[in-house]
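Asks: Sharing my_file_14.csv, CSV, C-alpha atoms:
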```csv
chain,number,residue,atom,x,y,z
A,1,MET,CA,-33.7,7.7,-5.7
A,2,SER,CA,-34.1,9.4,-9.1
A,3,CYS,CA,-33.5,12.8,-10.6
A,4,SER,CA,-36.7,14.4,-12.0
A,5,CYS,CA,-36.4,16.7,-14.9
A,6,ALA,CA,-40.1,17.4,-15.3
A,7,SER,CA,-41.2,20.9,-16.1
A,8,THR,CA,-43.0,23.0,-13.6
A,9,THR,CA,-44.6,26.4,-13.5
A,10,GLU,CA,-43.0,27.0,-10.1
A,11,LYS,CA,-39.8,29.1,-10.3
A,12,PRO,CA,-37.0,26.9,-9.0
A,13,SER,CA,-35.0,28.1,-6.1
A,14,PHE,CA,-31.3,28.6,-6.5
A,15,GLU,CA,-30.5,25.7,-4.1
A,16,ARG,CA,-32.9,23.4,-5.9
A,17,VAL,CA,-31.1,24.1,-9.2
A,18,ILE,CA,-27.7,23.6,-7.7
A,19,TRP,CA,-28.5,20.2,-6.0
A,20,SER,CA,-30.5,19.0,-9.0
A,21,SER,CA,-27.5,19.7,-11.2
A,22,ILE,CA,-25.1,17.9,-8.9
A,23,TRP,CA,-27.4,14.8,-8.5
A,24,CYS,CA,-27.9,14.5,-12.3
A,25,SER,CA,-24.2,14.6,-12.9
A,26,MET,CA,-23.6,11.9,-10.2
A,27,LYS,CA,-26.5,9.6,-10.9
A,28,GLY,CA,-25.6,6.2,-12.1
A,29,SER,CA,-21.9,6.6,-11.4
A,30,ASN,CA,-20.6,3.7,-9.3
A,31,LYS,CA,-16.9,4.2,-10.2
A,32,ALA,CA,-14.4,4.8,-7.5
A,33,THR,CA,-13.6,8.5,-7.3
A,34,VAL,CA,-10.2,8.1,-5.7
A,35,LEU,CA,-7.1,6.1,-6.4
A,36,THR,CA,-6.0,3.0,-4.4
A,37,LEU,CA,-3.2,3.5,-1.9
A,38,ALA,CA,-0.8,1.7,-4.2
A,39,GLU,CA,-1.7,4.0,-7.1
A,40,LYS,CA,-1.3,7.1,-4.9
A,41,CYS,CA,2.2,5.9,-3.8
A,42,LYS,CA,3.3,5.1,-7.4
A,43,ASN,CA,2.1,8.6,-8.6
A,44,ILE,CA,3.9,10.4,-5.8
A,45,LEU,CA,7.2,8.6,-6.5
A,46,VAL,CA,7.0,9.5,-10.2
A,47,SER,CA,5.8,13.1,-9.6
A,48,ASN,CA,8.8,14.0,-7.5
A,49,TRP,CA,12.6,13.8,-8.1
A,50,GLN,CA,14.0,14.3,-4.6
A,51,GLY,CA,13.4,12.5,-1.3
A,52,TYR,CA,15.1,11.8,2.1
A,53,LEU,CA,17.3,8.7,2.3
A,54,ASN,CA,18.0,7.2,5.7
A,55,THR,CA,20.7,4.7,6.3
A,56,ILE,CA,22.1,3.1,9.6
A,57,LYS,CA,25.1,5.1,10.8
A,58,THR,CA,28.1,2.9,11.7
A,59,ASP,CA,30.8,4.4,13.8
A,60,ALA,CA,34.4,3.1,14.5
A,61,GLN,CA,33.2,0.8,17.2
A,62,GLY,CA,30.6,-0.8,14.9
A,63,SER,CA,27.6,0.4,16.8
A,64,LYS,CA,24.4,1.0,14.8
A,65,GLU,CA,22.4,3.3,17.1
A,66,ASN,CA,21.9,6.4,14.9
A,67,ILE,CA,20.3,7.1,11.5
A,68,TYR,CA,22.0,9.3,8.9
A,69,THR,CA,19.6,11.3,6.7
A,70,SER,CA,20.1,13.5,3.7
A,71,LYS,CA,18.1,14.8,0.8
A,72,VAL,CA,18.9,13.0,-2.5
A,73,LYS,CA,17.7,13.0,-6.1
A,74,TYR,CA,16.3,10.0,-7.9
A,75,ILE,CA,14.4,8.7,-10.8
A,76,ILE,CA,12.0,5.7,-11.1
A,77,ARG,CA,13.0,2.9,-13.4
A,78,LYS,CA,11.0,-0.4,-13.7
A,79,GLY,CA,9.1,0.6,-10.5
A,80,ASN,CA,12.1,1.1,-8.3
A,81,PRO,CA,13.9,4.3,-7.2
A,82,LEU,CA,17.4,4.8,-8.6
A,83,ILE,CA,19.1,7.2,-6.2
A,84,TRP,CA,22.1,9.4,-6.9
A,85,VAL,CA,24.2,9.9,-3.7
A,86,PRO,CA,27.1,12.4,-3.7
A,87,GLU,CA,30.5,10.6,-3.1
A,88,HIS,CA,31.1,12.6,0.1
A,89,GLU,CA,27.9,11.4,1.8
A,90,LEU,CA,28.0,9.0,4.7
A,91,HIS,CA,25.5,6.7,3.0
A,92,ASN,CA,28.3,5.3,0.9
A,93,VAL,CA,30.1,4.1,4.0
A,94,ASN,CA,26.9,3.0,5.9
A,95,THR,CA,25.6,0.8,3.1
A,96,ILE,CA,28.9,-1.1,3.0
A,97,ILE,CA,28.2,-2.4,6.5
A,98,ASP,CA,24.4,-2.5,6.4
A,99,GLU,CA,22.3,-2.2,3.2
A,100,ARG,CA,19.1,-1.6,5.1
A,101,GLY,CA,17.5,1.8,4.6
A,102,SER,CA,14.4,3.8,4.2
A,103,PHE,CA,13.3,6.4,1.7
A,104,SER,CA,10.6,9.1,2.1
A,105,VAL,CA,9.1,11.1,-0.8
A,106,ALA,CA,6.4,13.8,-0.5
A,107,SER,CA,3.8,14.7,-3.0
A,108,PRO,CA,4.9,17.9,-4.8
A,109,TYR,CA,3.9,21.2,-3.1
A,110,PRO,CA,5.4,23.9,-5.4
A,111,GLY,CA,5.2,27.7,-5.0
A,112,PRO,CA,2.4,29.2,-3.0
A,113,LEU,CA,1.0,25.7,-2.0
A,114,GLY,CA,4.1,25.0,0.1
A,115,LYS,CA,3.6,28.3,2.0
A,116,LEU,CA,-0.1,27.6,2.6
A,117,LEU,CA,0.5,24.1,3.9
A,118,LYS,CA,3.2,25.5,6.3
A,119,SER,CA,0.8,28.1,7.6
A,120,MET,CA,-1.8,25.4,8.3
A,121,ASN,CA,0.8,23.1,10.0
A,122,LYS,CA,-0.3,20.5,7.4
A,123,PHE,CA,2.1,18.1,5.8
A,124,PRO,CA,1.9,17.0,2.2
A,125,VAL,CA,1.0,13.4,1.8
A,126,ARG,CA,4.1,11.2,1.3
A,127,VAL,CA,5.4,7.7,0.7
A,128,ALA,CA,7.7,5.9,3.2
A,129,LEU,CA,9.6,3.0,1.8
A,130,THR,CA,11.8,0.5,3.5
A,131,GLY,CA,14.2,-1.9,1.8
A,132,ASP,CA,17.9,-2.4,0.8
A,133,VAL,CA,20.1,0.3,-0.7
A,134,VAL,CA,22.2,-1.6,-3.3
A,135,PRO,CA,25.0,0.0,-5.3
A,136,VAL,CA,24.6,0.0,-9.1
A,137,LYS,CA,28.0,-0.6,-10.7
A,138,ASP,CA,29.9,-0.6,-14.0
A,139,LYS,CA,27.6,-1.2,-17.1
A,140,LYS,CA,24.4,-1.0,-15.0
A,141,ALA,CA,25.5,2.4,-13.7
A,142,GLU,CA,26.2,3.6,-17.2
A,143,SER,CA,22.9,2.3,-18.3
A,144,ALA,CA,21.1,4.2,-15.5
A,145,ALA,CA,22.9,7.4,-16.4
A,146,ASN,CA,21.9,7.0,-20.1
A,147,TYR,CA,18.3,6.4,-19.1
A,148,LEU,CA,18.3,9.6,-17.0
A,149,LYS,CA,19.5,11.6,-20.0
A,150,GLU,CA,16.9,10.0,-22.3
A,151,MET,CA,14.2,10.8,-19.7
A,152,MET,CA,15.3,14.4,-19.5
A,153,LEU,CA,15.3,14.9,-23.3
A,154,SER,CA,11.9,13.2,-23.5
A,155,GLU,CA,10.4,15.7,-21.0
A,156,GLU,CA,12.0,18.7,-22.7
A,157,LYS,CA,10.6,17.5,-26.1
A,158,ALA,CA,7.1,16.9,-24.7
A,159,LEU,CA,7.0,20.4,-23.1
A,160,LYS,CA,7.7,22.0,-26.5
A,161,GLU,CA,5.1,19.9,-28.3
A,162,PHE,CA,2.1,20.3,-26.0
A,163,ASN,CA,-1.1,21.7,-27.5
A,164,TYR,CA,-2.4,25.2,-26.9
A,165,THR,CA,-4.7,24.1,-24.0
A,166,VAL,CA,-1.9,22.4,-22.1
A,167,SER,CA,0.5,25.3,-22.7
A,168,GLY,CA,-2.1,27.7,-21.4
A,169,VAL,CA,-2.5,25.8,-18.1
A,170,LEU,CA,1.3,25.4,-17.6
A,171,SER,CA,2.2,29.0,-18.7
A,172,SER,CA,2.0,30.4,-15.1
A,173,SER,CA,4.2,27.7,-13.5
A,174,ASN,CA,7.8,28.2,-12.4
A,175,HIS,CA,9.7,26.2,-15.1
A,176,PHE,CA,12.9,25.8,-13.0
A,177,SER,CA,11.3,24.6,-9.8
A,178,THR,CA,8.6,22.3,-11.3
A,179,THR,CA,10.4,20.6,-14.2
A,180,GLN,CA,12.2,17.3,-13.5
A,181,SER,CA,14.8,17.8,-16.3
A,182,GLU,CA,15.8,21.2,-14.8
A,183,ASN,CA,16.2,19.8,-11.3
A,184,LEU,CA,18.1,16.7,-12.4
A,185,LYS,CA,20.7,18.4,-14.7
A,186,GLU,CA,23.2,18.6,-11.9
A,187,LEU,CA,23.4,14.8,-11.9
A,188,ILE,CA,25.0,14.7,-15.4
A,189,ASP,CA,26.7,18.1,-15.7
A,190,GLY,CA,29.9,16.8,-14.3
A,191,GLY,CA,30.1,19.2,-11.4
A,192,GLU,CA,30.0,16.5,-8.7
A,193,ASN,CA,30.6,12.8,-8.6
A,194,TYR,CA,27.8,10.4,-7.6
A,195,VAL,CA,27.3,6.8,-6.6
A,196,ILE,CA,24.1,5.3,-8.0
A,197,TYR,CA,22.0,3.0,-5.8
A,198,LYS,CA,18.9,0.9,-6.5
A,199,PHE,CA,16.4,0.9,-3.7
A,200,ASN,CA,15.0,-2.6,-3.5
A,201,LEU,CA,11.6,-2.2,-1.9
A,202,SER,CA,10.4,-4.5,0.9
A,203,SER,CA,7.5,-2.5,2.4
A,204,CYS,CA,5.6,0.7,1.7
A,205,MET,CA,3.5,3.1,3.9
A,206,PHE,CA,1.3,5.9,2.7
A,207,VAL,CA,1.4,8.9,5.1
A,208,ASP,CA,-1.7,11.2,4.9
A,209,GLY,CA,-1.7,14.9,5.5
A,210,ASN,CA,-2.5,14.5,9.2
A,211,GLY,CA,0.5,12.1,9.8
A,212,GLY,CA,-1.6,9.0,9.8
A,213,THR,CA,0.1,5.9,8.3
A,214,HIS,CA,-1.5,3.3,6.1
A,215,GLU,CA,0.3,0.1,5.1
A,216,VAL,CA,0.2,-0.6,1.4
A,217,ASP,CA,0.0,-4.1,0.1
A,218,PHE,CA,3.3,-5.1,-1.4
A,219,GLU,CA,1.8,-7.1,-4.3
A,220,ASP,CA,-0.4,-4.1,-5.2
A,221,MET,CA,2.7,-1.9,-5.4
A,222,GLU,CA,4.4,-4.4,-7.7
A,223,LYS,CA,1.4,-4.7,-10.0
A,224,CYS,CA,0.2,-1.1,-10.4
A,225,LYS,CA,1.9,1.6,-12.5
A,226,ALA,CA,2.0,5.3,-12.2
A,227,GLY,CA,-0.3,7.3,-14.4
A,228,LEU,CA,0.9,9.3,-17.4
A,229,LEU,CA,-0.3,12.5,-15.6
A,230,ALA,CA,2.0,12.0,-12.6
A,231,PRO,CA,5.3,13.4,-14.1
A,232,TYR,CA,3.6,16.7,-14.8
A,233,SER,CA,1.6,17.1,-11.6
A,234,ALA,CA,4.0,19.6,-9.9
A,235,LYS,CA,3.9,21.8,-13.1
A,236,LEU,CA,0.2,21.6,-13.4
A,237,ILE,CA,-0.4,22.3,-9.7
A,238,ASP,CA,1.9,25.3,-9.8
A,239,GLY,CA,0.5,26.6,-13.1
A,240,ILE,CA,-3.0,26.6,-11.7
A,241,ASN,CA,-2.1,28.1,-8.3
A,242,GLN,CA,0.0,30.8,-9.8
A,243,SER,CA,-2.8,32.0,-12.0
A,244,GLU,CA,-5.5,34.2,-10.4
A,245,ALA,CA,-8.0,33.3,-13.2
A,246,ARG,CA,-7.6,29.6,-12.6
A,247,ARG,CA,-7.8,30.0,-8.8
A,248,ARG,CA,-11.1,31.9,-9.4
A,249,GLY,CA,-12.1,28.8,-11.4
A,250,LEU,CA,-11.4,26.6,-8.4
A,251,ILE,CA,-13.7,28.9,-6.3
A,252,LEU,CA,-16.4,28.5,-8.9
A,253,PHE,CA,-15.9,24.7,-8.8
A,254,CYS,CA,-16.5,24.6,-5.0
A,255,PHE,CA,-19.6,26.7,-5.5
A,256,ILE,CA,-21.2,25.0,-8.5
A,257,TYR,CA,-20.2,21.3,-8.0
A,258,LEU,CA,-20.0,21.2,-4.1
A,259,ASN,CA,-22.3,23.9,-3.0
A,260,VAL,CA,-19.5,25.4,-1.0
A,261,ASN,CA,-18.8,29.1,-0.7
A,262,ALA,CA,-15.1,29.5,-0.7
A,263,ARG,CA,-13.4,32.8,-0.3
A,264,ASP,CA,-10.1,31.5,-1.9
A,265,ALA,CA,-8.9,28.2,-3.2
A,266,TYR,CA,-5.7,26.3,-4.2
A,267,MET,CA,-5.1,23.1,-6.1
A,268,LEU,CA,-3.7,20.6,-3.6
A,269,SER,CA,-3.2,17.4,-5.7
A,270,LEU,CA,-4.5,15.8,-8.9
A,271,ASP,CA,-4.8,12.5,-10.6
A,272,ARG,CA,-6.7,10.9,-13.5
A,273,LYS,CA,-10.0,10.7,-11.5
A,274,GLY,CA,-10.1,14.3,-10.4
A,275,PHE,CA,-8.3,16.7,-8.0
A,276,ASP,CA,-8.2,17.9,-4.4
A,277,VAL,CA,-8.8,21.6,-3.5
A,278,LEU,CA,-8.0,23.5,-0.4
A,279,GLY,CA,-10.9,26.0,0.0
A,280,LYS,CA,-11.0,28.9,2.5
A,281,VAL,CA,-14.5,28.6,3.9
A,282,ARG,CA,-16.4,30.3,6.8
A,283,ASN,CA,-16.7,28.6,10.1
A,284,LYS,CA,-20.2,28.1,11.5
A,285,VAL,CA,-20.7,30.8,14.1
A,286,THR,CA,-23.5,31.6,16.5
A,287,GLY,CA,-24.7,34.7,18.3
A,288,ASP,CA,-22.2,37.6,18.3
A,289,GLU,CA,-19.2,35.6,17.3
A,290,ILE,CA,-17.0,37.1,14.6
A,291,ASP,CA,-16.9,35.2,11.3
A,292,GLU,CA,-13.8,33.2,10.9
A,293,TYR,CA,-12.4,31.3,7.9
A,294,GLN,CA,-10.5,28.1,7.8
A,295,TRP,CA,-9.0,26.0,5.0
A,296,LYS,CA,-10.7,22.7,4.2
A,297,GLN,CA,-10.0,20.0,1.7
A,298,PHE,CA,-12.5,19.1,-0.9
A,299,ARG,CA,-12.5,16.5,-3.7
A,300,ILE,CA,-13.8,17.2,-7.2
A,301,THR,CA,-14.1,14.4,-9.7
A,302,PHE,CA,-14.0,14.3,-13.5
A,303,LYS,CA,-16.9,12.9,-15.6
A,304,GLU,CA,-14.3,10.9,-17.5
A,305,GLU,CA,-10.9,9.8,-16.3
A,306,ALA,CA,-8.0,12.0,-17.5
A,307,TRP,CA,-5.4,9.5,-18.6
A,308,ASP,CA,-2.8,12.1,-19.8
A,309,ILE,CA,-2.0,15.8,-19.4
A,310,GLU,CA,-3.9,16.7,-22.6
A,311,SER,CA,-7.2,15.2,-21.4
A,312,PHE,CA,-6.7,16.7,-17.9
A,313,CYS,CA,-6.3,20.2,-19.2
A,314,GLN,CA,-9.1,19.8,-21.7
A,315,GLN,CA,-11.5,18.7,-18.9
A,316,LEU,CA,-10.3,21.5,-16.6
A,317,VAL,CA,-11.0,24.1,-19.3
A,318,GLU,CA,-14.4,22.7,-20.1
A,319,MET,CA,-15.3,22.7,-16.4
A,320,GLU,CA,-14.3,26.3,-16.1
A,321,GLU,CA,-16.5,27.2,-19.1
A,322,ASP,CA,-19.4,25.2,-17.7
A,323,ALA,CA,-19.1,26.8,-14.3
A,324,ILE,CA,-19.1,30.3,-15.7
A,325,LYS,CA,-22.3,29.4,-17.8
A,326,LYS,CA,-24.0,28.0,-14.7
A,327,VAL,CA,-23.3,31.0,-12.6
A,328,SER,CA,-24.6,33.3,-15.3
A,329,SER,CA,-27.8,31.2,-15.7
A,330,TYR,CA,-28.4,31.0,-11.9
A,331,SER,CA,-28.0,34.7,-11.4
A,332,GLY,CA,-31.5,35.2,-12.9
A,333,LEU,CA,-33.1,32.7,-10.6
A,334,GLY,CA,-34.9,33.6,-7.4
```
Just give me the structure as structure tokens.

Replies:
Amino acid sequence: MSCSCASTTEKPSFERVIWSSIWCSMKGSNKATVLTLAEKCKNILVSNWQGYLNTIKTDAQGSKENIYTSKVKYIIRKGNPLIWVPEHELHNVNTIIDERGSFSVASPYPGPLGKLLKSMNKFPVRVALTGDVVPVKDKKAESAANYLKEMMLSEEKALKEFNYTVSGVLSSSNHFSTTQSENLKELIDGGENYVIYKFNLSSCMFVDGNGGTHEVDFEDMEKCKAGLLAPYSAKLIDGINQSEARRRGLILFCFIYLNVNARDAYMLSLDRKGFDVLGKVRNKVTGDEIDEYQWKQFRITFKEEAWDIESFCQQLVEMEEDAIKKVSSYSGLG
């Protein structure tokens, strides 16, 4: 199948122009448009800073029938989570008896995205890890604390030095709820004492938005690394979703690149290959049925992979400009 660009005296229909444009942009591209499961899991772990730790609860009789769960904060170092557990938490007692545990981390869903997912009864995709929860002591604990400080300072410095395009995309985001350094400050401000644990991974599951579980190959998890874009994904998603202009851009993307008429749209997730959008589209109705709308997930891919936040924002802005030009040119076609 080929894409013909030959001239014709016949005035092209709107639909023909749309689909010709889509096919020309896709022709010859055999690259995967989505990440592997291992890559998705690594990105989720780096993009967040809090998760749910589960340890086996041990009572005075030594029984191990119940699970103790609490929300904890963490960072990723050398591919493994380093978890800060408040001294008063039962995890500190449980792990003395049994180091086995599990750790669940969701893909970020800041601001209006969280409310939308809740209204849809849809869960954010997440990572479920099992392994051993091992205390980090003495010099290693000090090293972990210093690494946390360095990571926070590095993020703060990067946010100040981003170019105009990146700053424009991030300007609408909620700085305090989407920035790792802001959310991890309490770990080093001296207000509470923590015990640091390393989570030694033994298995990994990817949980999709419908609750389906997918086992991830352990070797793949060990080999792959998170993308440079991942630490800023929460801030990017919120910056786009909090901006009416950028959300109108998402609506145009659905229309121009997917031939989908969306009434509204939100950014759901992103990575170096593209991004997922939740679009509010009309249900197919028959007869006298009243039009109804529902939220559906769509995938939009980049022409070139966006390896960092600068290239992501640059391509996003270029796509916005391209979509506006296409809509303007199509408006004169019959």

Asks: Quick one: of A:Ile256, A:Gln314, A:Asp98, A:Ser107, who's nearest to Tyr330 in chain A, counting all atoms listed in the file?

Replies: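 Nearest to Tyr330 in chain A: A:Ile256.
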
Asks: Do a neighbour search on Ser102 in chain A at 7 Å with all atoms listed in the file, toss out local chain neighbours closer than 6 positions, and write the hits as a PDB file with C-alpha atoms, keeping the file's coordinate frame.

Replies:
```
ATOM      1  CA  LEU A  53      17.300   8.700   2.300  1.00  0.00           C
ATOM      2  CA  ASN A  54      18.000   7.200   5.700  1.00  0.00           C
ATOM      3  CA  THR A  55      20.700   4.700   6.300  1.00  0.00           C
ATOM      4  CA  LEU A 129       9.600   3.000   1.800  1.00  0.00           C
ATOM      5  CA  THR A 130      11.800   0.500   3.500  1.00  0.00           C
ATOM      6  CA  GLY A 131      14.200  -1.900   1.800  1.00  0.00           C
TER       7      GLY A 131
END
```

Asks: Would you please work out which residue, of A:Ser311, A:Phe255, A:Ile96, A:Gly274, is nearest to Ile324 in chain A when using only C-alpha atoms?

Replies: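 That would be A:Phe255, the residue with the smallest distance to Ile324 in chain A.
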
Asks: Residues at most 8 Å from Ser181 in chain A, counting all atoms listed in the file, excluding those fewer than 5 positions away in the same chain, as a list in words?

Replies: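 Result of the neighbour search: Met151, Met152, Leu153, Glu155 and Glu156 of chain A.
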
Asks: Just how far from CA of Ala234 in chain A is CA of Tyr109 in chain A, in Å to one decimal?

Replies: 7.0 Å

Asks: Using only C-alpha atoms, find the one residue out of A:Phe253, A:Leu45, A:Val93, A:Ser104 that sits nearest to Ser70 in chain A.

Replies: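 Under the stated criterion, the closest residue is A:Ser104.
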
Asks: Select, counting only C-alpha atoms, all protein, DNA and RNA residues no farther than 8 Å from (23.2, -1.3, 4.0) in file coordinates, and express the selection as a list in words.

Replies: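 The residues near that point, listed by chain and number, are Thr55, Ile56, Asn94, Thr95, Ile96, Ile97, Asp98, Glu99, Arg100, Gly101, Asp132, Val133 and Val134 of chain A.
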
Asks: Using only C-alpha atoms, find all polymer residues with an atom at most 9 Å away from the point (-7.8, 24.1, 8.2); report them as JSON, numbers by chain.

Replies: {"A": [120, 121, 122, 278, 279, 280, 293, 294, 295, 296, 297]}

Asks: Can you spit out the residues from that selection as a PDB file, keeping the file's coordinate frame, using C-alpha atoms?

Replies:
```
ATOM      1  CA  MET A 120      -1.800  25.400   8.300  1.00  0.00           C
ATOM      2  CA  ASN A 121       0.800  23.100  10.000  1.00  0.00           C
ATOM      3  CA  LYS A 122      -0.300  20.500   7.400  1.00  0.00           C
ATOM      4  CA  LEU A 278      -8.000  23.500  -0.400  1.00  0.00           C
ATOM      5  CA  GLY A 279     -10.900  26.000   0.000  1.00  0.00           C
ATOM      6  CA  LYS A 280     -11.000  28.900   2.500  1.00  0.00           C
ATOM      7  CA  TYR A 293     -12.400  31.300   7.900  1.00  0.00           C
ATOM      8  CA  GLN A 294     -10.500  28.100   7.800  1.00  0.00           C
ATOM      9  CA  TRP A 295      -9.000  26.000   5.000  1.00  0.00           C
ATOM     10  CA  LYS A 296     -10.700  22.700   4.200  1.00  0.00           C
ATOM     11  CA  GLN A 297     -10.000  20.000   1.700  1.00  0.00           C
TER      12      GLN A 297
END
```

Asks: Near Phe298 in chain A, counting all atoms listed in the file, which residues have an atom at most 10 Å away, once you skip same-chain residues fewer than 6 positions from it, shown as a ChimeraX atom specification?

Replies: /A:254,258,260,267-268,275-279

Asks: With only C-alpha atoms as the counted atoms, please give the residues lying no more than 12 Å from Phe103 in chain A, apart from itself and same-chain residues fewer than 6 positions off, as a PyMOL selection string.

Replies: chain A and resi 45+50-55+68-74+80-83+126-133+197-205

Asks: Could you save those same residues with C-alpha atoms as a PDB file, in the frame of the given file?

Replies:
```pdb
ATOM      1  CA  LEU A  45       7.200   8.600  -6.500  1.00  0.00           C
ATOM      2  CA  GLN A  50      14.000  14.300  -4.600  1.00  0.00           C
ATOM      3  CA  GLY A  51      13.400  12.500  -1.300  1.00  0.00           C
ATOM      4  CA  TYR A  52      15.100  11.800   2.100  1.00  0.00           C
ATOM      5  CA  LEU A  53      17.300   8.700   2.300  1.00  0.00           C
ATOM      6  CA  ASN A  54      18.000   7.200   5.700  1.00  0.00           C
ATOM      7  CA  THR A  55      20.700   4.700   6.300  1.00  0.00           C
ATOM      8  CA  TYR A  68      22.000   9.300   8.900  1.00  0.00           C
ATOM      9  CA  THR A  69      19.600  11.300   6.700  1.00  0.00           C
ATOM     10  CA  SER A  70      20.100  13.500   3.700  1.00  0.00           C
ATOM     11  CA  LYS A  71      18.100  14.800   0.800  1.00  0.00           C
ATOM     12  CA  VAL A  72      18.900  13.000  -2.500  1.00  0.00           C
ATOM     13  CA  LYS A  73      17.700  13.000  -6.100  1.00  0.00           C
ATOM     14  CA  TYR A  74      16.300  10.000  -7.900  1.00  0.00           C
ATOM     15  CA  ASN A  80      12.100   1.100  -8.300  1.00  0.00           C
ATOM     16  CA  PRO A  81      13.900   4.300  -7.200  1.00  0.00           C
ATOM     17  CA  LEU A  82      17.400   4.800  -8.600  1.00  0.00           C
ATOM     18  CA  ILE A  83      19.100   7.200  -6.200  1.00  0.00           C
ATOM     19  CA  ARG A 126       4.100  11.200   1.300  1.00  0.00           C
ATOM     20  CA  VAL A 127       5.400   7.700   0.700  1.00  0.00           C
ATOM     21  CA  ALA A 128       7.700   5.900   3.200  1.00  0.00           C
ATOM     22  CA  LEU A 129       9.600   3.000   1.800  1.00  0.00           C
ATOM     23  CA  THR A 130      11.800   0.500   3.500  1.00  0.00           C
ATOM     24  CA  GLY A 131      14.200  -1.900   1.800  1.00  0.00           C
ATOM     25  CA  ASP A 132      17.900  -2.400   0.800  1.00  0.00           C
ATOM     26  CA  VAL A 133      20.100   0.300  -0.700  1.00  0.00           C
ATOM     27  CA  TYR A 197      22.000   3.000  -5.800  1.00  0.00           C
ATOM     28  CA  LYS A 198      18.900   0.900  -6.500  1.00  0.00           C
ATOM     29  CA  PHE A 199      16.400   0.900  -3.700  1.00  0.00           C
ATOM     30  CA  ASN A 200      15.000  -2.600  -3.500  1.00  0.00           C
ATOM     31  CA  LEU A 201      11.600  -2.200  -1.900  1.00  0.00           C
ATOM     32  CA  SER A 202      10.400  -4.500   0.900  1.00  0.00           C
ATOM     33  CA  SER A 203       7.500  -2.500   2.400  1.00  0.00           C
ATOM     34  CA  CYS A 204       5.600   0.700   1.700  1.00  0.00           C
ATOM     35  CA  MET A 205       3.500   3.100   3.900  1.00  0.00           C
TER      36      MET A 205
END
```

Asks: If we count only C-alpha atoms and set the cut-off at 12 Å, which residues sit around Asp138 in chain A, ignoring sequence neighbours fewer than 4 positions away in its own chain? Please answer as a list of chain:residue names.

Replies: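 Residues meeting the cut-off are A:Glu142, A:Ser143, A:Ala144, A:Ala145, A:Val195, A:Ile196, A:Tyr197.
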
Asks: In Å to one decimal, how far is CA of Lys42 in chain A from CA of Leu228 in chain A?

Replies: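 Taking CA of Leu228 in chain A and CA of Lys42 in chain A, their separation equals 11.1 Å.
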
Asks: Could you check which of A:Ile237, A:Cys313, A:Ala262, A:Met221 is closest to Thr178 in chain A, using all atoms listed in the file?

Replies: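 So, comparing all the options, the nearest one is A:Ile237.
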
Asks: Nearest residue to Asp220 in chain A out of A:Thr36, A:Ser328, A:Ser173, A:Asn193, using all atoms listed in the file?

Replies: A:Thr36

Asks: Between CA of Lys140 in chain A and CA of Asn43 in chain A, what is the distance in Å, rounded to a tenth?

Replies: 25.1 Å

Asks: Smallest atom-to-atom distance to Phe206 in chain A: which of A:Val166, A:Val125, A:Lys303, A:His88, using all atoms listed in the file?

Replies: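 Counting all atoms listed in the file, the residue closest to Phe206 in chain A is A:Val125.
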
Asks: Using the atoms already present, construct N, CA, C and O atoms for range 260-267 of chain A and hand them back as a PDB file, in the coordinates of the input.

Replies:
```
ATOM      1  N   VAL A 260     -20.338  24.820  -2.013  1.00  0.00           N
ATOM      2  CA  VAL A 260     -19.500  25.400  -1.000  1.00  0.00           C
ATOM      3  C   VAL A 260     -19.049  26.783  -1.357  1.00  0.00           C
ATOM      4  O   VAL A 260     -18.547  27.002  -2.464  1.00  0.00           O
ATOM      5  N   ASN A 261     -19.276  27.725  -0.463  1.00  0.00           N
ATOM      6  CA  ASN A 261     -18.800  29.100  -0.700  1.00  0.00           C
ATOM      7  C   ASN A 261     -17.425  29.291  -0.199  1.00  0.00           C
ATOM      8  O   ASN A 261     -17.209  29.412   1.009  1.00  0.00           O
ATOM      9  N   ALA A 262     -16.474  29.298  -1.104  1.00  0.00           N
ATOM     10  CA  ALA A 262     -15.100  29.500  -0.700  1.00  0.00           C
ATOM     11  C   ALA A 262     -14.615  30.879  -1.035  1.00  0.00           C
ATOM     12  O   ALA A 262     -14.924  31.436  -2.096  1.00  0.00           O
ATOM     13  N   ARG A 263     -13.886  31.440  -0.115  1.00  0.00           N
ATOM     14  CA  ARG A 263     -13.400  32.800  -0.300  1.00  0.00           C
ATOM     15  C   ARG A 263     -12.084  32.759  -1.155  1.00  0.00           C
ATOM     16  O   ARG A 263     -11.769  33.719  -1.862  1.00  0.00           O
ATOM     17  N   ASP A 264     -11.354  31.668  -1.087  1.00  0.00           N
ATOM     18  CA  ASP A 264     -10.100  31.500  -1.900  1.00  0.00           C
ATOM     19  C   ASP A 264      -9.942  29.975  -2.055  1.00  0.00           C
ATOM     20  O   ASP A 264     -10.571  29.170  -1.357  1.00  0.00           O
ATOM     21  N   ALA A 265      -9.092  29.593  -2.991  1.00  0.00           N
ATOM     22  CA  ALA A 265      -8.900  28.200  -3.200  1.00  0.00           C
ATOM     23  C   ALA A 265      -7.562  27.907  -3.918  1.00  0.00           C
ATOM     24  O   ALA A 265      -7.087  28.735  -4.705  1.00  0.00           O
ATOM     25  N   TYR A 266      -6.972  26.770  -3.591  1.00  0.00           N
ATOM     26  CA  TYR A 266      -5.700  26.300  -4.200  1.00  0.00           C
ATOM     27  C   TYR A 266      -5.858  24.855  -4.602  1.00  0.00           C
ATOM     28  O   TYR A 266      -6.524  24.075  -3.916  1.00  0.00           O
ATOM     29  N   MET A 267      -5.198  24.489  -5.681  1.00  0.00           N
ATOM     30  CA  MET A 267      -5.100  23.100  -6.100  1.00  0.00           C
ATOM     31  C   MET A 267      -4.106  22.397  -5.141  1.00  0.00           C
ATOM     32  O   MET A 267      -2.981  22.868  -4.965  1.00  0.00           O
TER      33      MET A 267
END
```
